[in-house]
$ cat structure_32.pdb   # PDB, C-alpha atoms
MODEL        1
ATOM      1  CA  MET Z   8      24.999  -9.620   3.732
ATOM      2  CA  ILE Z   9      21.637  -9.621   2.020
ATOM      3  CA  LEU Z  10      22.020 -13.199   0.801
ATOM      4  CA  ALA Z  11      23.237 -14.262   4.239
ATOM      5  CA  THR Z  12      20.107 -12.770   5.792
ATOM      6  CA  LEU Z  13      17.918 -14.655   3.323
ATOM      7  CA  VAL Z  14      19.545 -18.076   3.760
ATOM      8  CA  THR Z  15      20.469 -18.031   7.466
ATOM      9  CA  ASP Z  16      18.712 -17.258  10.735
ATOM     10  CA  ARG Z  17      21.089 -14.412  11.510
ATOM     11  CA  GLU Z  18      20.016 -10.873  10.701
ATOM     12  CA  TRP Z  19      22.723  -9.218   8.608
ATOM     13  CA  TRP Z  20      20.408  -6.686   7.006
ATOM     14  CA  PRO Z  21      19.490  -3.864   7.576
ATOM     15  CA  PRO Z  22      23.073  -3.035   8.582
ATOM     16  CA  GLY Z  23      22.066  -1.030  11.667
ATOM     17  CA  ASP Z  24      23.626   2.002  13.274
ATOM     18  CA  THR Z  25      27.351   2.320  12.440
ATOM     19  CA  THR Z  26      28.055  -1.393  12.694
ATOM     20  CA  PRO Z  27      30.833  -3.108  10.694
ATOM     21  CA  ALA Z  28      28.126  -4.351   8.330
ATOM     22  CA  TYR Z  29      26.976  -0.753   7.856
ATOM     23  CA  TYR Z  30      30.426   0.498   6.818
ATOM     24  CA  CYS Z  31      31.114  -2.567   4.686
ATOM     25  CA  HIS Z  32      27.843  -2.294   2.805
ATOM     26  CA  TRP Z  33      27.989   1.411   2.037
ATOM     27  CA  THR Z  34      31.659   1.262   1.072
ATOM     28  CA  LEU Z  35      30.765  -1.386  -1.494
ATOM     29  CA  VAL Z  36      27.800   0.691  -2.686
ATOM     30  CA  ALA Z  37      30.017   3.744  -3.169
ATOM     31  CA  ALA Z  38      32.587   1.657  -5.046
ATOM     32  CA  PHE Z  39      29.879   0.192  -7.269
ATOM     33  CA  ASN Z  40      28.420   3.604  -8.108
ATOM     34  CA  CYS Z  41      31.854   4.981  -8.978
ATOM     35  CA  SER Z  42      32.536   1.925 -11.140
ATOM     36  CA  LEU Z  43      29.200   2.371 -12.904
ATOM     37  CA  VAL Z  44      29.944   5.987 -13.797
ATOM     38  CA  ALA Z  45      33.547   5.224 -14.821
ATOM     39  CA  THR Z  46      32.410   2.336 -17.016
ATOM     40  CA  ALA Z  47      29.822   4.564 -18.667
ATOM     41  CA  VAL Z  48      32.461   7.193 -19.461
ATOM     42  CA  LEU Z  49      34.885   4.631 -20.927
ATOM     43  CA  THR Z  50      32.347   2.646 -22.972
ATOM     44  CA  TRP Z  51      29.806   5.335 -23.841
ATOM     45  CA  GLY Z  52      27.789   4.533 -26.970
ATOM     46  CA  ASP Z  53      29.312   1.152 -27.862
ATOM     47  CA  LEU Z  54      25.905  -0.511 -28.304
ATOM     48  CA  GLY Z  55      24.633   1.893 -30.934
ATOM     49  CA  LEU Z  56      21.045   1.986 -29.669
ATOM     50  CA  GLY Z  57      20.318   5.316 -31.287
ATOM     51  CA  GLY Z  58      18.880   8.629 -30.189
ATOM     52  CA  PRO Z  59      15.306   7.667 -29.192
ATOM     53  CA  ALA Z  60      16.455   4.956 -26.790
ATOM     54  CA  ARG Z  61      18.987   7.277 -25.192
ATOM     55  CA  VAL Z  62      16.441  10.069 -24.835
ATOM     56  CA  ALA Z  63      14.041   7.618 -23.201
ATOM     57  CA  GLY Z  64      16.866   6.479 -20.943
ATOM     58  CA  GLY Z  65      17.593  10.038 -19.909
ATOM     59  CA  GLY Z  66      13.942  10.614 -19.068
ATOM     60  CA  LEU Z  67      13.739   7.368 -17.100
ATOM     61  CA  THR Z  68      16.883   8.331 -15.186
ATOM     62  CA  LEU Z  69      15.316  11.639 -14.169
ATOM     63  CA  VAL Z  70      12.036   9.997 -13.178
ATOM     64  CA  GLY Z  71      13.824   7.342 -11.135
ATOM     65  CA  THR Z  72      15.942   9.960  -9.385
ATOM     66  CA  ALA Z  73      12.835  11.999  -8.565
ATOM     67  CA  VAL Z  74      10.987   8.965  -7.167
ATOM     68  CA  PHE Z  75      14.017   8.018  -5.073
ATOM     69  CA  ALA Z  76      14.283  11.557  -3.697
ATOM     70  CA  TRP Z  77      10.543  11.589  -2.967
ATOM     71  CA  GLY Z  78      10.877   8.399  -0.951
ATOM     72  CA  ALA Z  79      14.036   9.533   0.836
ATOM     73  CA  ARG Z  80      12.721  12.958   1.811
ATOM     74  CA  PRO Z  81      10.547  11.951   4.804
ATOM     75  CA  MET Z  82      13.133   9.482   6.103
ATOM     76  CA  GLY Z  83      16.343  11.463   5.981
ATOM     77  CA  SER Z  84      19.796  10.142   5.181
ATOM     78  CA  GLU Z  85      20.332   7.914   8.228
ATOM     79  CA  GLU Z  86      17.116   5.918   7.895
ATOM     80  CA  THR Z  87      17.580   5.751   4.125
ATOM     81  CA  MET Z  88      20.959   4.121   4.739
ATOM     82  CA  GLY Z  89      19.474   1.351   6.872
ATOM     83  CA  VAL Z  90      19.576   2.756  10.388
ATOM     84  CA  THR Z  91      16.473   1.692  12.297
ATOM     85  CA  GLY Z  92      13.802   4.386  12.402
ATOM     86  CA  ASP Z  93      10.061   4.890  12.128
ATOM     87  CA  LEU Z  94       7.501   3.130   9.958
ATOM     88  CA  TYR Z  95       6.339   5.433   7.170
ATOM     89  CA  THR Z  96       2.908   5.014   5.607
ATOM     90  CA  GLY Z  97       2.170   8.456   4.168
ATOM     91  CA  GLY Z  98       3.337  10.240   1.037
ATOM     92  CA  PRO Z  99       4.977   7.837  -1.426
ATOM     93  CA  TYR Z 100       4.752   5.023   1.132
ATOM     94  CA  ALA Z 101       0.967   5.108   0.837
ATOM     95  CA  TYR Z 102       1.368   3.734  -2.711
ATOM     96  CA  THR Z 103       4.263   1.313  -2.354
ATOM     97  CA  ARG Z 104       6.351  -0.063   0.478
ATOM     98  CA  ASN Z 105       9.583   0.677  -1.330
ATOM     99  CA  PRO Z 106       9.462   3.918  -3.353
ATOM    100  CA  GLN Z 107      13.226   4.370  -3.052
ATOM    101  CA  TYR Z 108      13.915   0.934  -4.491
ATOM    102  CA  LEU Z 109      11.423   1.585  -7.276
ATOM    103  CA  GLY Z 110      13.264   4.806  -8.069
ATOM    104  CA  MET Z 111      16.630   3.047  -7.992
ATOM    105  CA  ILE Z 112      15.474   0.398 -10.461
ATOM    106  CA  ALA Z 113      14.032   2.995 -12.833
ATOM    107  CA  GLY Z 114      17.070   5.255 -12.502
ATOM    108  CA  VAL Z 115      19.752   2.647 -13.131
ATOM    109  CA  THR Z 116      17.766   1.120 -16.012
ATOM    110  CA  GLY Z 117      17.443   4.553 -17.573
ATOM    111  CA  PHE Z 118      21.153   5.220 -17.075
ATOM    112  CA  ALA Z 119      22.003   1.984 -18.889
ATOM    113  CA  LEU Z 120      19.913   3.117 -21.870
ATOM    114  CA  LEU Z 121      21.355   6.618 -21.744
ATOM    115  CA  SER Z 122      24.963   5.405 -21.688
ATOM    116  CA  ASP Z 123      24.279   2.979 -24.540
ATOM    117  CA  SER Z 124      26.902   0.634 -23.079
ATOM    118  CA  LEU Z 125      26.889  -3.149 -22.841
ATOM    119  CA  LEU Z 126      29.035  -3.209 -19.697
ATOM    120  CA  VAL Z 127      26.853  -0.602 -18.009
ATOM    121  CA  ALA Z 128      23.796  -2.668 -18.920
ATOM    122  CA  ALA Z 129      25.392  -5.712 -17.254
ATOM    123  CA  LEU Z 130      26.214  -3.719 -14.121
ATOM    124  CA  ALA Z 131      22.706  -2.250 -14.109
ATOM    125  CA  ALA Z 132      21.187  -5.739 -14.312
ATOM    126  CA  ALA Z 133      23.267  -6.808 -11.305
ATOM    127  CA  HIS Z 134      22.151  -3.680  -9.460
ATOM    128  CA  VAL Z 135      18.474  -4.379 -10.189
ATOM    129  CA  GLY Z 136      18.882  -7.944  -8.920
ATOM    130  CA  TRP Z 137      20.414  -6.623  -5.706
ATOM    131  CA  VAL Z 138      17.599  -4.108  -5.208
ATOM    132  CA  LEU Z 139      14.954  -6.793  -5.761
ATOM    133  CA  LEU Z 140      16.498  -8.842  -2.938
ATOM    134  CA  LEU Z 141      16.555  -5.953  -0.465
ATOM    135  CA  PRO Z 142      12.850  -5.987   0.524
ATOM    136  CA  ARG Z 143      12.897  -9.731   1.179
ATOM    137  CA  ALA Z 144      15.882  -9.305   3.474
ATOM    138  CA  GLU Z 145      14.313  -6.334   5.265
ATOM    139  CA  GLU Z 146      10.810  -7.674   5.878
ATOM    140  CA  PRO Z 147      11.634 -10.028   8.805
ATOM    141  CA  HIS Z 148      13.349  -7.141  10.598
ATOM    142  CA  LEU Z 149      10.474  -4.736   9.914
ATOM    143  CA  ARG Z 150       7.852  -7.223  11.095
ATOM    144  CA  ALA Z 151       9.818  -7.817  14.290
ATOM    145  CA  GLU Z 152      10.307  -4.079  14.786
ATOM    146  CA  PHE Z 153       6.792  -2.814  14.028
ATOM    147  CA  GLY Z 154       4.566  -5.865  14.460
ATOM    148  CA  GLU Z 155       1.056  -5.752  12.998
ATOM    149  CA  ALA Z 156       1.460  -2.172  11.786
ATOM    150  CA  TYR Z 157       3.838  -3.352   9.055
ATOM    151  CA  ASP Z 158       1.280  -5.688   7.455
ATOM    152  CA  TRP Z 159      -1.836  -3.668   8.297
ATOM    153  CA  ARG Z 160      -1.348  -1.200   5.449
ATOM    154  CA  ASP Z 161      -1.392  -4.057   2.928
ATOM    155  CA  VAL Z 162      -4.851  -5.071   4.148
ATOM    156  CA  ALA Z 163      -6.724  -1.935   5.170
ATOM    157  CA  ARG Z 164      -6.873   1.756   4.359
ATOM    158  CA  PRO Z 165      -8.844   4.637   5.858
ATOM    159  CA  MET Z 166     -12.230   5.174   4.245
ATOM    160  CA  PRO Z 167     -11.712   8.434   2.314
ATOM    161  CA  PHE Z 168     -15.089   9.927   3.293
ATOM    162  CA  GLY Z 169     -14.444  12.994   5.442
ATOM    163  CA  LEU Z 170     -10.802  13.375   4.437
ATOM    164  CA  SER Z 171      -9.318  16.335   2.596
ATOM    165  CA  GLU Z 172      -5.892  17.373   1.333
ATOM    166  CA  ASP Z 173      -3.495  19.500   3.344
ATOM    167  CA  GLY Z 174      -1.187  22.169   1.943
ATOM    168  CA  ASP Z 175       1.262  19.528   0.685
ATOM    169  CA  GLY Z 176      -1.445  17.559  -1.113
ATOM    170  CA  GLU Z 177      -1.405  14.775   1.489
ATOM    171  CA  PRO Z 178      -4.658  13.324   2.919
ATOM    172  CA  SER Z 179      -5.691  14.770   6.246
ATOM    173  CA  GLY Z 180      -8.648  14.678   8.607
ATOM    174  CA  GLU Z 181     -10.806  12.223  10.520
ATOM    175  CA  THR Z 182     -12.784   9.254   9.248
ATOM    176  CA  PHE Z 183     -14.797   6.563  10.991
ATOM    177  CA  GLU Z 184     -14.340   3.471   8.858
ATOM    178  CA  TRP Z 185     -11.715   1.205   7.377
ATOM    179  CA  ALA Z 186     -11.833  -0.074   3.819
ATOM    180  CA  LEU Z 187      -9.968  -2.882   2.116
ATOM    181  CA  ALA Z 188      -6.684  -1.741   0.624
ATOM    182  CA  THR Z 189      -6.534  -1.223  -3.138
ATOM    183  CA  ASP Z 190      -3.758  -1.317  -5.696
ATOM    184  CA  ASP Z 191      -2.714   1.464  -8.064
ATOM    185  CA  CYS Z 192      -5.579   0.547 -10.426
ATOM    186  CA  GLY Z 193      -8.185   0.757  -7.677
ATOM    187  CA  ASP Z 194      -8.718  -3.015  -7.484
ATOM    188  CA  CYS Z 195      -8.931  -4.771  -4.134
ATOM    189  CA  THR Z 196      -5.497  -5.829  -2.948
ATOM    190  CA  PHE Z 197      -6.735  -9.431  -2.793
ATOM    191  CA  TYR Z 198      -8.021  -9.442  -6.372
ATOM    192  CA  GLU Z 199      -5.982 -11.501  -8.796
ATOM    193  CA  GLU Z 200      -6.444 -12.921 -12.259
ATOM    194  CA  VAL Z 201      -6.070 -16.644 -12.835
ATOM    195  CA  ASP Z 202      -6.213 -17.908 -16.424
ATOM    196  CA  GLY Z 203      -7.752 -14.631 -17.512
ATOM    197  CA  ARG Z 204     -10.501 -14.698 -14.878
ATOM    198  CA  GLY Z 205     -10.711 -12.488 -11.821
ATOM    199  CA  ALA Z 206     -10.725 -14.169  -8.429
ATOM    200  CA  CYS Z 207     -10.386 -13.361  -4.745
ATOM    201  CA  ALA Z 208      -7.128 -14.628  -3.284
ATOM    202  CA  VAL Z 209      -8.691 -14.953   0.192
ATOM    203  CA  HIS Z 210     -12.164 -16.091  -0.848
ATOM    204  CA  ASP Z 211     -12.623 -18.574   2.000
ATOM    205  CA  ALA Z 212     -11.619 -15.958   4.589
ATOM    206  CA  ARG Z 213     -13.072 -12.852   2.947
ATOM    207  CA  PRO Z 214     -14.688 -10.269   5.246
ATOM    208  CA  LEU Z 215     -18.443  -9.984   5.702
ATOM    209  CA  ILE Z 216     -18.738  -6.948   3.447
ATOM    210  CA  CYS Z 217     -17.440  -9.138   0.612
ATOM    211  CA  GLN Z 218     -19.520 -12.170   1.595
ATOM    212  CA  THR Z 219     -22.710 -10.093   1.444
ATOM    213  CA  TYR Z 220     -21.918  -8.065  -1.687
ATOM    214  CA  PRO Z 221     -23.914  -6.483  -3.340
ATOM    215  CA  PHE Z 222     -26.335  -6.250  -0.397
ATOM    216  CA  SER Z 223     -26.302  -4.285   2.838
ATOM    217  CA  VAL Z 224     -28.685  -3.566   5.691
ATOM    218  CA  GLY Z 225     -29.701   0.023   6.367
ATOM    219  CA  SER Z 226     -31.194   1.565   9.467
ATOM    220  CA  GLU Z 227     -34.913   1.852  10.110
ATOM    221  CA  GLY Z 228     -34.663   5.616   9.742
ATOM    222  CA  GLU Z 229     -33.125   5.284   6.289
ATOM    223  CA  SER Z 230     -35.970   3.057   5.119
ATOM    224  CA  ARG Z 231     -38.435   5.902   5.725
ATOM    225  CA  ARG Z 232     -36.674   8.549   3.665
ATOM    226  CA  ASP Z 233     -35.515   8.989   0.099
ATOM    227  CA  ASP Z 234     -32.127  10.568   0.811
ATOM    228  CA  GLY Z 235     -29.096   9.064   2.586
ATOM    229  CA  GLY Z 236     -29.754   5.364   2.101
ATOM    230  CA  GLY Z 237     -32.423   5.826  -0.556
ATOM    231  CA  LEU Z 238     -32.275   4.810  -4.191
ATOM    232  CA  GLY Z 239     -29.348   6.309  -6.024
ATOM    233  CA  ALA Z 240     -27.461   7.113  -2.819
ATOM    234  CA  THR Z 241     -23.693   6.863  -3.019
ATOM    235  CA  GLU Z 242     -22.288   4.212  -0.703
ATOM    236  CA  PRO Z 243     -18.889   2.537  -0.264
ATOM    237  CA  MET Z 244     -20.405  -0.506  -2.020
ATOM    238  CA  GLY Z 245     -21.786   1.626  -4.857
ATOM    239  CA  GLY Z 246     -25.119   3.301  -5.475
ATOM    240  CA  VAL Z 247     -28.304   1.804  -4.008
ATOM    241  CA  VAL Z 248     -30.437   0.560  -6.911
ATOM    242  CA  GLU Z 249     -33.144  -1.403  -5.093
ATOM    243  CA  ARG Z 250     -34.563  -1.705  -1.593
ATOM    244  CA  GLU Z 251     -36.796  -4.175   0.215
ATOM    245  CA  GLY Z 252     -37.431  -3.145   3.805
ATOM    246  CA  LEU Z 253     -34.041  -2.596   5.432
ATOM    247  CA  VAL Z 254     -32.151  -4.614   2.821
ATOM    248  CA  ARG Z 255     -30.478  -2.574   0.091
ATOM    249  CA  ALA Z 256     -29.124  -3.797  -3.233
ATOM    250  CA  HIS Z 257     -26.137  -1.961  -4.706
ATOM    251  CA  GLU Z 258     -24.796  -1.678  -8.221
ATOM    252  CA  CYS Z 259     -23.583  -5.050  -9.484
ATOM    253  CA  GLU Z 260     -23.482  -6.727 -12.894
ATOM    254  CA  GLY Z 261     -24.752  -9.990 -11.424
ATOM    255  CA  LEU Z 262     -27.723  -8.463  -9.622
ATOM    256  CA  GLY Z 263     -30.938 -10.326 -10.478
ATOM    257  CA  ARG Z 264     -29.394 -13.717 -11.183
ATOM    258  CA  ASP Z 265     -31.016 -16.762  -9.605
ATOM    259  CA  ILE Z 266     -29.359 -18.378  -6.588
ATOM    260  CA  SER Z 267     -30.280 -21.501  -4.672
ATOM    261  CA  ARG Z 268     -32.327 -21.346  -1.483
ATOM    262  CA  GLU Z 269     -29.343 -22.642   0.477
ATOM    263  CA  ASP Z 270     -27.129 -19.839  -0.835
ATOM    264  CA  ALA Z 271     -29.875 -17.305  -0.135
ATOM    265  CA  GLU Z 272     -30.150 -18.470   3.475
ATOM    266  CA  GLU Z 273     -26.380 -18.269   3.927
ATOM    267  CA  LEU Z 274     -26.407 -14.762   2.472
ATOM    268  CA  ALA Z 275     -29.238 -13.706   4.787
ATOM    269  CA  ALA Z 276     -27.393 -15.071   7.822
ATOM    270  CA  ALA Z 277     -24.219 -13.239   6.809
ATOM    271  CA  LEU Z 278     -26.203 -10.018   6.334
ATOM    272  CA  LYS Z 279     -27.654 -10.321   9.834
ATOM    273  CA  GLU Z 280     -24.231 -10.966  11.331
ATOM    274  CA  ARG Z 281     -22.752  -8.027   9.447
ATOM    275  CA  ALA Z 282     -25.573  -5.702  10.535
ATOM    276  CA  VAL Z 283     -25.047  -6.639  14.189
ATOM    277  CA  ARG Z 284     -21.279  -6.154  13.979
ATOM    278  CA  GLU Z 285     -21.612  -2.800  12.227
ATOM    279  CA  LEU Z 286     -24.089  -1.619  14.849
ATOM    280  CA  GLU Z 287     -21.775  -2.729  17.660
ATOM    281  CA  GLU Z 288     -18.873  -0.977  15.956
ATOM    282  CA  ALA Z 289     -20.894   2.222  15.513
ATOM    283  CA  ILE Z 290     -21.867   2.217  19.194
ATOM    284  CA  GLY Z 291     -18.235   1.673  20.177
ATOM    285  CA  VAL Z 292     -17.103   4.566  17.977
ATOM    286  CA  ARG Z 293     -19.800   6.851  19.368
ATOM    287  CA  ASP Z 294     -19.013   6.015  22.988
ATOM    288  CA  GLY Z 295     -15.252   6.338  22.568
ATOM    289  CA  TYR Z 296     -15.047   9.274  20.184
ATOM    290  CA  GLU Z 297     -12.872  12.208  21.161
ATOM    291  CA  PRO Z 298     -11.978  15.067  18.785
ATOM    292  CA  THR Z 299      -8.326  15.140  17.830
ATOM    293  CA  ASP Z 300      -5.915  17.797  16.632
ATOM    294  CA  VAL Z 301      -3.325  15.266  15.459
ATOM    295  CA  ASP Z 302      -1.846  16.039  12.044
ATOM    296  CA  GLY Z 303      -2.504  13.699   9.148
ATOM    297  CA  VAL Z 304      -5.209  11.050   8.954
ATOM    298  CA  VAL Z 305      -6.912   9.641  12.036
ATOM    299  CA  VAL Z 306      -9.363   6.739  11.893
ATOM    300  CA  HIS Z 307     -11.840   6.416  14.748
ATOM    301  CA  ASP Z 308     -12.968   2.845  15.365
ATOM    302  CA  SER Z 309     -14.300   0.994  18.395
ATOM    303  CA  GLU Z 310     -10.751   0.529  19.715
ATOM    304  CA  GLY Z 311      -9.930   4.242  19.660
ATOM    305  CA  GLN Z 312      -7.998   6.657  17.465
ATOM    306  CA  LYS Z 313      -5.636   5.055  14.972
ATOM    307  CA  ARG Z 314      -3.139   5.971  12.314
ATOM    308  CA  PRO Z 315      -3.508   4.637   8.752
ATOM    309  CA  ASP Z 316      -1.026   1.858   9.613
ATOM    310  CA  GLY Z 317      -3.347   0.604  12.374
ATOM    311  CA  SER Z 318      -1.222   1.857  15.272
ATOM    312  CA  ARG Z 319      -2.964   3.764  18.041
ATOM    313  CA  VAL Z 320      -2.506   7.525  18.073
ATOM    314  CA  ASP Z 321      -1.718   7.573  21.795
ATOM    315  CA  GLU Z 322       1.094   5.064  21.196
ATOM    316  CA  THR Z 323       2.668   6.971  18.295
ATOM    317  CA  ASN Z 324       2.626  10.238  20.247
ATOM    318  CA  THR Z 325       4.414   8.906  23.322
TER     319      THR Z 325
ENDMDL
END
$ encode --input "structure_32.pdb" --output "structure tokens"
Amino acid sequence: MILATLVTDREWWPPGDTTPAYYCHWTLVAAFNCSLVATAVLTWGDLGLGGPARVAGGGLTLVGTAVFAWGARPMGSEETMGVTGDLYTGGPYAYTRNPQYLGMIAGVTGFALLSDSLLVAALAAAHVGWVLLLPRAEEPHLRAEFGEAYDWRDVARPMPFGLSEDGDGEPSGETFEWALATDDCGDCTFYEEVDGRGACAVHDARPLICQTYPFSVGSEGESRRDDGGGLGATEPMGGVVEREGLVRAHECEGLGRDISREDAEELAAALKERAVRELEEAIGVRDGYEPTDVDGVVVHDSEGQKRPDGSRVDETNT
């Protein structure tokens, strides 16, 4: 079904709510899992990997199971089994689109090491290949189901300023800005290394905040005081290290290098455009702001109150 979805125009996956594909798929999954356990029992220890590898396998199995359970908890059994449901962006889904699949890969790999069996290792490899295909088969359905909200979380995230943790350790509160999404290491989601050198994957279409880095334009009020936008102030772009009028320079290794007059004029024009847009956005936020008692994270921008996935709060609450 998964391969058919990938190579044809017909949507065979996700299987949907109690369709023939649903029963067929999960019957095969149950049979595979039983076969995996039975094979492990019958061929246990035939590889002779030794104690350390098996201990590591046991630990990886536990970690994978825990990650899978963490991802399955907010969804419940029906949505976990492929029945159409909501789009989840909090908890484990704030770090990866597919925490359950990540847990499955870790768990079955660990089980192969723990069982110390060649046949189990072969079955585990087939299982990992199947799991790696699942997201590719699901994405067309999810994009059709949830639209821009599905891709939004790969591009933007709520600016953490003003947010706190709730009783479950999840982010909560209100913020007034978006930031570019980052990976697990804190790097921009569009940052990639090519031949050992860092580069922006969307350089030609990068946003103004990136085009103008490491400079920004402050307000006239900030230029008259030493706090807030003054030297040493903490900003999303890093601390302010130098100021000339309303223009602020932030921490950057390349600060002070010579640039051509043409590049300087382009930078100045981009700074002006960015300053105007940010002012328009701030006015829109101020005029449209309404306090909210919605649980979780709410981002206020000029279009209204939004969830971290970019969907409007009034739409998700209807």
$ atom_distance --input "structure_32.pdb" --atom1 "atom CA of Z:Val292" --atom2 "atom CA of Z:Ala188"
21.2 Å
$ resolve_selection --input "structure_32.pdb" --expression "the PyMOL selection byres ((chain Z and resi 307) around 12)" --output "count of residues only"
36
$ atom_distance --input "structure_32.pdb" --atom1 "atom CA of Z:Ala206" --atom2 "atom CA of Z:Leu109"
27.2 Å
$ resolve_selection --input "structure_32.pdb" --expression "the PyMOL selection byres ((chain Z and resi 193-205) around 12)" --output "short mmCIF file (atom, residue, chain, number, x, y, z; two decimals) with C-alpha atoms, in the coordinates of the input"
data_model
loop_
_atom_site.label_atom_id
_atom_site.label_comp_id
_atom_site.auth_asym_id
_atom_site.auth_seq_id
_atom_site.Cartn_x
_atom_site.Cartn_y
_atom_site.Cartn_z
CA TYR Z 102 1.37 3.73 -2.71
CA ARG Z 160 -1.35 -1.20 5.45
CA ASP Z 161 -1.39 -4.06 2.93
CA VAL Z 162 -4.85 -5.07 4.15
CA ALA Z 163 -6.72 -1.94 5.17
CA ARG Z 164 -6.87 1.76 4.36
CA ALA Z 186 -11.83 -0.07 3.82
CA LEU Z 187 -9.97 -2.88 2.12
CA ALA Z 188 -6.68 -1.74 0.62
CA THR Z 189 -6.53 -1.22 -3.14
CA ASP Z 190 -3.76 -1.32 -5.70
CA ASP Z 191 -2.71 1.46 -8.06
CA CYS Z 192 -5.58 0.55 -10.43
CA ALA Z 206 -10.72 -14.17 -8.43
CA CYS Z 207 -10.39 -13.36 -4.74
CA ALA Z 208 -7.13 -14.63 -3.28
CA VAL Z 209 -8.69 -14.95 0.19
CA HIS Z 210 -12.16 -16.09 -0.85
CA ASP Z 211 -12.62 -18.57 2.00
CA ALA Z 212 -11.62 -15.96 4.59
CA ARG Z 213 -13.07 -12.85 2.95
CA PRO Z 214 -14.69 -10.27 5.25
CA CYS Z 217 -17.44 -9.14 0.61
#
$ closest_residue --input "structure_32.pdb" --among "Z:Gly174, Z:Phe168, Z:Glu145, Z:Phe39" --to "Z:Val115" --atoms "all atoms listed in the file"
Z:Phe39
$ resolve_selection --input "structure_32.pdb" --expression "the PyMOL selection byres ((chain Z and resi 40) around 12)" --output "number ranges by chain"
Z: 33-39, 41-47, 111, 115, 118, 127, 130-131, 134
$ residues_near_point --input "structure_32.pdb" --point "(13.7, 8.9, -10.1)" --cutoff "10 Å" --atoms "all atoms listed in the file" --output "count of residues only"
24
$ atom_distance --input "structure_32.pdb" --atom1 "atom CA of Z:Ala256" --atom2 "atom CA of Z:Val224"
8.9 Å
$ residues_around --input "structure_32.pdb" --residues "Z:Arg281" --least-positions-apart "4" --cutoff "9 Å" --atoms "only C-alpha atoms" --output "MDAnalysis selection string"
chainID Z and resid 215:216 219 223:224 276:277 285:286
$ closest_residue --input "structure_32.pdb" --among "Z:Tyr29, Z:Tyr100, Z:Gly252, Z:Asp123" --to "Z:Gly57" --atoms "only C-alpha atoms"
Z:Asp123
$ closest_residue --input "structure_32.pdb" --among "Z:Thr116, Z:Glu260, Z:Gly303, Z:Val48" --to "Z:Leu170" --atoms "all atoms listed in the file"
Z:Gly303
$ closest_residue --input "structure_32.pdb" --among "Z:Glu258, Z:Ile266, Z:Asp321, Z:Ser124" --to "Z:Thr50" --atoms "all atoms listed in the file"
Z:Ser124
$ residues_around --input "structure_32.pdb" --residues "Z:Arg255" --least-positions-apart "5" --cutoff "7 Å" --atoms "only C-alpha atoms" --output "ChimeraX atom specification"
/Z:222-225,247,249-250
$ axis_aligned_box --input "structure_32.pdb" --around "stretch 162-173 of chain Z" --padding-each-side "6 Å" --output "AutoDock Vina command-line options"
--center_x -9.3 --center_y 7.2 --center_z 3.6 --size_x 23.6 --size_y 36.6 --size_z 16.5
$ residues_near_point --input "structure_32.pdb" --point "(26.1, -7.2, -29.2)" --cutoff "10 Å" --atoms "all atoms listed in the file" --output "JSON, numbers by chain"
{"Z": [53, 54, 55, 124, 125]}
